[in-house]
Amino acid sequence: MRIWRNARRAAALGLGLGLLAGAAGPAKAAAPAAPPVVSLCFERQDVPPWRTEAGGGLNFALLGMVARSLDIRFDFQSMPWKRCLAQLQANQVDGAFAVSYKPDRRAIGEYPGGAQADASKRMHIDRYVLLRRKGGAADWDGKAFHHIDGAIGFQLGYSVGDMLRASNVEVDEGSQRADELARKLTAGRLAAAALGGSDAAGIMRGPLAAQLEMLPAPLIEKPYFLILSHALVAARPQLAERIWRGVEQARNSAEYRRLELAAGAGH
């Protein structure tokens, strides 16, 4: 009899607890995790067709495809180029784009592929070319400079400076923007100017084009990468590899190739 009464009491207690749980309502489902945020800096300058200060161009289209495919969010920050690289080295941002390969830049951040940057995971390929005043004597034959009477200018922090110094020509690194270099060149303050191919094309479509000419042989042609901070690669190596693989896959996609073709930038 006592066992039956204890069982009835336990059943009543269970019913009461069930009613209390029902009154409290069903347990709330856990909120979905927010996508990882990766901060990327880029040069505060229009470099068509690759990027604009406002976030347009092929670089942003490519990274947008990567973000969607990986369910991550990129926080884009524009700033002067040398500051961007300095912040990357200080791990104040997670990455920087678009960065050409230089061995000493491995102290700043990590390239896809490590010590030997993997060109298959590049963002794009671009070149440097030489501009001179129309009718000027400054020349580049694809292997050597000739008739350089003065300094060759290039933009502050740009990798082409290494190539120019290795060629034992006088250099001027005092300008941050392509249009500044073009004005110095037309004013006779430079013998020539070494510019990225897209920057040079923009100058040659602008108001100074009538006074300048672009030499046909490129100074150098190289891939440009998204490089990631040492801190991000150390803390989240799988995320870093997913991002770099995502860049390769997006760049090789039919959707991106259509965008390249429309922009006249296919390689």
# chains A, B, ... in the order shown; residues from 1 in each chain; ligands from 1
>>> residues_around(residues="range 136-148 of chain A", least_positions_apart="3", cutoff="7 Å", atoms="only C-alpha atoms", output="ChimeraX atom specification")
/A:132-133,191-192,217-219
>>> write_last_selection(atoms="all heavy atoms", output="mmCIF file, in the first residue's frame")
data_model
loop_
_atom_site.group_PDB
_atom_site.id
_atom_site.type_symbol
_atom_site.label_atom_id
_atom_site.label_comp_id
_atom_site.auth_asym_id
_atom_site.auth_seq_id
_atom_site.Cartn_x
_atom_site.Cartn_y
_atom_site.Cartn_z
ATOM 1 N N ARG A 132 57.396 58.019 -70.738
ATOM 2 C CA ARG A 132 58.325 59.122 -70.947
ATOM 3 C C ARG A 132 57.579 60.258 -71.609
ATOM 4 O O ARG A 132 56.459 60.084 -72.105
ATOM 5 C CB ARG A 132 59.507 58.676 -71.814
ATOM 6 C CG ARG A 132 59.123 58.357 -73.249
ATOM 7 C CD ARG A 132 60.292 57.805 -74.037
ATOM 8 N NE ARG A 132 59.896 57.497 -75.421
ATOM 9 C CZ ARG A 132 60.625 56.787 -76.266
ATOM 10 N NH1 ARG A 132 61.802 56.290 -75.881
ATOM 11 N NH2 ARG A 132 60.205 56.559 -77.501
ATOM 12 N N ARG A 133 58.225 61.445 -71.632
ATOM 13 C CA ARG A 133 57.626 62.550 -72.382
ATOM 14 C C ARG A 133 57.648 62.218 -73.866
ATOM 15 O O ARG A 133 58.580 61.556 -74.352
ATOM 16 C CB ARG A 133 58.392 63.855 -72.116
ATOM 17 C CG ARG A 133 58.178 64.399 -70.719
ATOM 18 C CD ARG A 133 58.887 65.731 -70.515
ATOM 19 N NE ARG A 133 60.339 65.609 -70.688
ATOM 20 C CZ ARG A 133 61.167 65.135 -69.762
ATOM 21 N NH1 ARG A 133 60.685 64.731 -68.588
ATOM 22 N NH2 ARG A 133 62.458 65.057 -69.989
ATOM 23 N N ALA A 191 63.065 61.744 -65.660
ATOM 24 C CA ALA A 191 63.420 61.262 -66.996
ATOM 25 C C ALA A 191 62.344 60.319 -67.523
ATOM 26 O O ALA A 191 62.096 60.254 -68.735
ATOM 27 C CB ALA A 191 64.764 60.544 -66.946
ATOM 28 N N ALA A 192 61.723 59.573 -66.613
ATOM 29 C CA ALA A 192 60.687 58.614 -66.977
ATOM 30 C C ALA A 192 59.942 58.242 -65.703
ATOM 31 O O ALA A 192 60.351 58.596 -64.597
ATOM 32 C CB ALA A 192 61.290 57.375 -67.642
ATOM 33 N N ALA A 217 57.535 47.536 -74.330
ATOM 34 C CA ALA A 217 58.047 46.393 -73.572
ATOM 35 C C ALA A 217 57.775 46.598 -72.085
ATOM 36 O O ALA A 217 58.162 47.627 -71.518
ATOM 37 C CB ALA A 217 59.542 46.236 -73.802
ATOM 38 N N PRO A 218 57.107 45.662 -71.424
ATOM 39 C CA PRO A 218 56.867 45.823 -69.986
ATOM 40 C C PRO A 218 58.174 45.765 -69.198
ATOM 41 O O PRO A 218 59.112 45.040 -69.571
ATOM 42 C CB PRO A 218 55.955 44.640 -69.642
ATOM 43 C CG PRO A 218 56.212 43.629 -70.697
ATOM 44 C CD PRO A 218 56.548 44.398 -71.942
ATOM 45 N N LEU A 219 58.239 46.547 -68.130
ATOM 46 C CA LEU A 219 59.393 46.463 -67.227
ATOM 47 C C LEU A 219 59.414 45.122 -66.507
ATOM 48 O O LEU A 219 60.460 44.492 -66.338
ATOM 49 C CB LEU A 219 59.338 47.594 -66.193
ATOM 50 C CG LEU A 219 59.521 49.013 -66.715
ATOM 51 C CD1 LEU A 219 59.219 50.018 -65.615
ATOM 52 C CD2 LEU A 219 60.935 49.215 -67.252
#
>>> select_by_dssp(residues="range 73-106 of chain A", states="strand (DSSP E or B)", output="list in words")
Arg73, Phe74, Asp75, Phe76, Gln77, Ser78, Met79, Gly95, Ala96, Phe97, Ala98, Val99 and Ser100 of chain A
>>> write_last_selection(atoms="all heavy atoms", output="tab-separated table (two decimals), in the first residue's frame")
chain	number	residue	atom	x	y	z
A	73	ARG	N	32.76	37.27	-43.72
A	73	ARG	CA	32.55	38.68	-44.06
A	73	ARG	C	33.89	39.39	-44.06
A	73	ARG	O	34.66	39.27	-43.10
A	73	ARG	CB	31.61	39.36	-43.06
A	73	ARG	CG	31.29	40.81	-43.42
A	73	ARG	CD	30.16	41.37	-42.56
A	73	ARG	NE	30.54	41.58	-41.19
A	73	ARG	CZ	31.17	42.68	-40.74
A	73	ARG	NH1	31.51	43.65	-41.59
A	73	ARG	NH2	31.45	42.81	-39.47
A	74	PHE	N	34.18	40.09	-45.15
A	74	PHE	CA	35.40	40.90	-45.23
A	74	PHE	C	35.08	42.33	-44.80
A	74	PHE	O	34.09	42.92	-45.26
A	74	PHE	CB	35.97	40.90	-46.64
A	74	PHE	CG	36.57	39.59	-47.06
A	74	PHE	CD1	36.16	38.95	-48.22
A	74	PHE	CD2	37.56	38.98	-46.30
A	74	PHE	CE1	36.71	37.74	-48.61
A	74	PHE	CE2	38.12	37.77	-46.68
A	74	PHE	CZ	37.69	37.15	-47.84
A	75	ASP	N	35.91	42.88	-43.92
A	75	ASP	CA	35.81	44.28	-43.51
A	75	ASP	C	36.91	45.03	-44.24
A	75	ASP	O	38.09	44.93	-43.89
A	75	ASP	CB	35.99	44.37	-41.99
A	75	ASP	CG	36.09	45.81	-41.49
A	75	ASP	OD1	35.57	46.71	-42.19
A	75	ASP	OD2	36.69	46.04	-40.42
A	76	PHE	N	36.54	45.78	-45.29
A	76	PHE	CA	37.51	46.46	-46.14
A	76	PHE	C	37.87	47.83	-45.56
A	76	PHE	O	36.99	48.60	-45.18
A	76	PHE	CB	36.96	46.63	-47.55
A	76	PHE	CG	36.69	45.33	-48.26
A	76	PHE	CD1	35.40	44.97	-48.61
A	76	PHE	CD2	37.72	44.47	-48.57
A	76	PHE	CE1	35.15	43.78	-49.26
A	76	PHE	CE2	37.49	43.27	-49.22
A	76	PHE	CZ	36.20	42.92	-49.57
A	77	GLN	N	39.18	48.13	-45.54
A	77	GLN	CA	39.67	49.39	-45.00
A	77	GLN	C	40.66	50.00	-45.98
A	77	GLN	O	41.68	49.37	-46.29
A	77	GLN	CB	40.33	49.17	-43.64
A	77	GLN	CG	39.44	48.51	-42.60
A	77	GLN	CD	40.17	48.19	-41.32
A	77	GLN	OE1	41.23	48.74	-41.02
A	77	GLN	NE2	39.62	47.27	-40.54
A	78	SER	N	40.37	51.20	-46.48
A	78	SER	CA	41.29	51.85	-47.42
A	78	SER	C	42.23	52.77	-46.66
A	78	SER	O	41.84	53.41	-45.69
A	78	SER	CB	40.50	52.64	-48.46
A	78	SER	OG	39.92	53.79	-47.90
A	79	MET	N	43.49	52.82	-47.11
A	79	MET	CA	44.50	53.65	-46.46
A	79	MET	C	45.71	53.76	-47.39
A	79	MET	O	45.82	53.00	-48.36
A	79	MET	CB	44.92	53.05	-45.11
A	79	MET	CG	45.48	51.65	-45.17
A	79	MET	SD	45.71	50.91	-43.52
A	79	MET	CE	44.00	50.62	-43.01
A	95	GLY	N	44.63	41.07	-43.26
A	95	GLY	CA	45.18	40.83	-44.58
A	95	GLY	C	45.27	42.11	-45.37
A	95	GLY	O	44.79	43.18	-44.95
A	96	ALA	N	45.91	42.02	-46.54
A	96	ALA	CA	46.06	43.16	-47.44
A	96	ALA	C	46.01	42.64	-48.88
A	96	ALA	O	46.43	41.53	-49.16
A	96	ALA	CB	47.37	43.90	-47.20
A	97	PHE	N	45.51	43.49	-49.78
A	97	PHE	CA	45.48	43.12	-51.21
A	97	PHE	C	45.61	44.41	-52.02
A	97	PHE	O	45.29	45.49	-51.52
A	97	PHE	CB	44.18	42.38	-51.54
A	97	PHE	CG	42.93	43.24	-51.48
A	97	PHE	CD1	42.40	43.83	-52.63
A	97	PHE	CD2	42.30	43.49	-50.27
A	97	PHE	CE1	41.28	44.64	-52.58
A	97	PHE	CE2	41.16	44.30	-50.21
A	97	PHE	CZ	40.65	44.86	-51.37
A	98	ALA	N	46.03	44.35	-53.25
A	98	ALA	CA	46.65	43.23	-53.93
A	98	ALA	C	48.17	43.45	-53.84
A	98	ALA	O	48.65	44.52	-54.18
A	98	ALA	CB	46.18	43.19	-55.37
A	99	VAL	N	48.90	42.43	-53.41
A	99	VAL	CA	50.31	42.57	-53.03
A	99	VAL	C	51.16	41.68	-53.94
A	99	VAL	O	50.94	40.48	-54.01
A	99	VAL	CB	50.51	42.16	-51.56
A	99	VAL	CG1	51.94	42.46	-51.12
A	99	VAL	CG2	49.50	42.87	-50.65
A	100	SER	N	52.14	42.28	-54.60
A	100	SER	CA	53.06	41.47	-55.39
A	100	SER	C	54.10	40.83	-54.46
A	100	SER	O	54.28	41.25	-53.32
A	100	SER	CB	53.76	42.33	-56.45
A	100	SER	OG	54.55	43.33	-55.83
>>> atom_distance(atom1="CA of Arg68 in chain A", atom2="CA of Glu110 in chain A")
22.8 Å
>>> residues_around(residues="Ala201 in chain A", least_positions_apart="3", cutoff="12 Å", atoms="only C-alpha atoms", output="VMD selection string")
chain A and resid 47 to 49 126 to 131 178 to 179 182 195 to 198 204 to 206 208 to 209 212 to 215 264 to 265
>>> residues_around(residues="Ala263 in chain A", least_positions_apart="6", cutoff="12 Å", atoms="only C-alpha atoms", output="list in words")
Pro48, Pro49, Trp50, Arg51, Gly56, Gly57, Leu58, Asn59, Ala61, Ser198, Tyr256 and Arg257 of chain A
>>> closest_residue(among="A:Asn91, A:Ser120, A:Gln176, A:Gln155", to="Ala193 in chain A", atoms="only C-alpha atoms")
A:Gln155
>>> residues_around(residues="Gln249 in chain A", least_positions_apart="5", cutoff="10 Å", atoms="only C-alpha atoms", output="PyMOL selection string")
chain A and resi 62+65-66+69+120-121+243-244+254+256
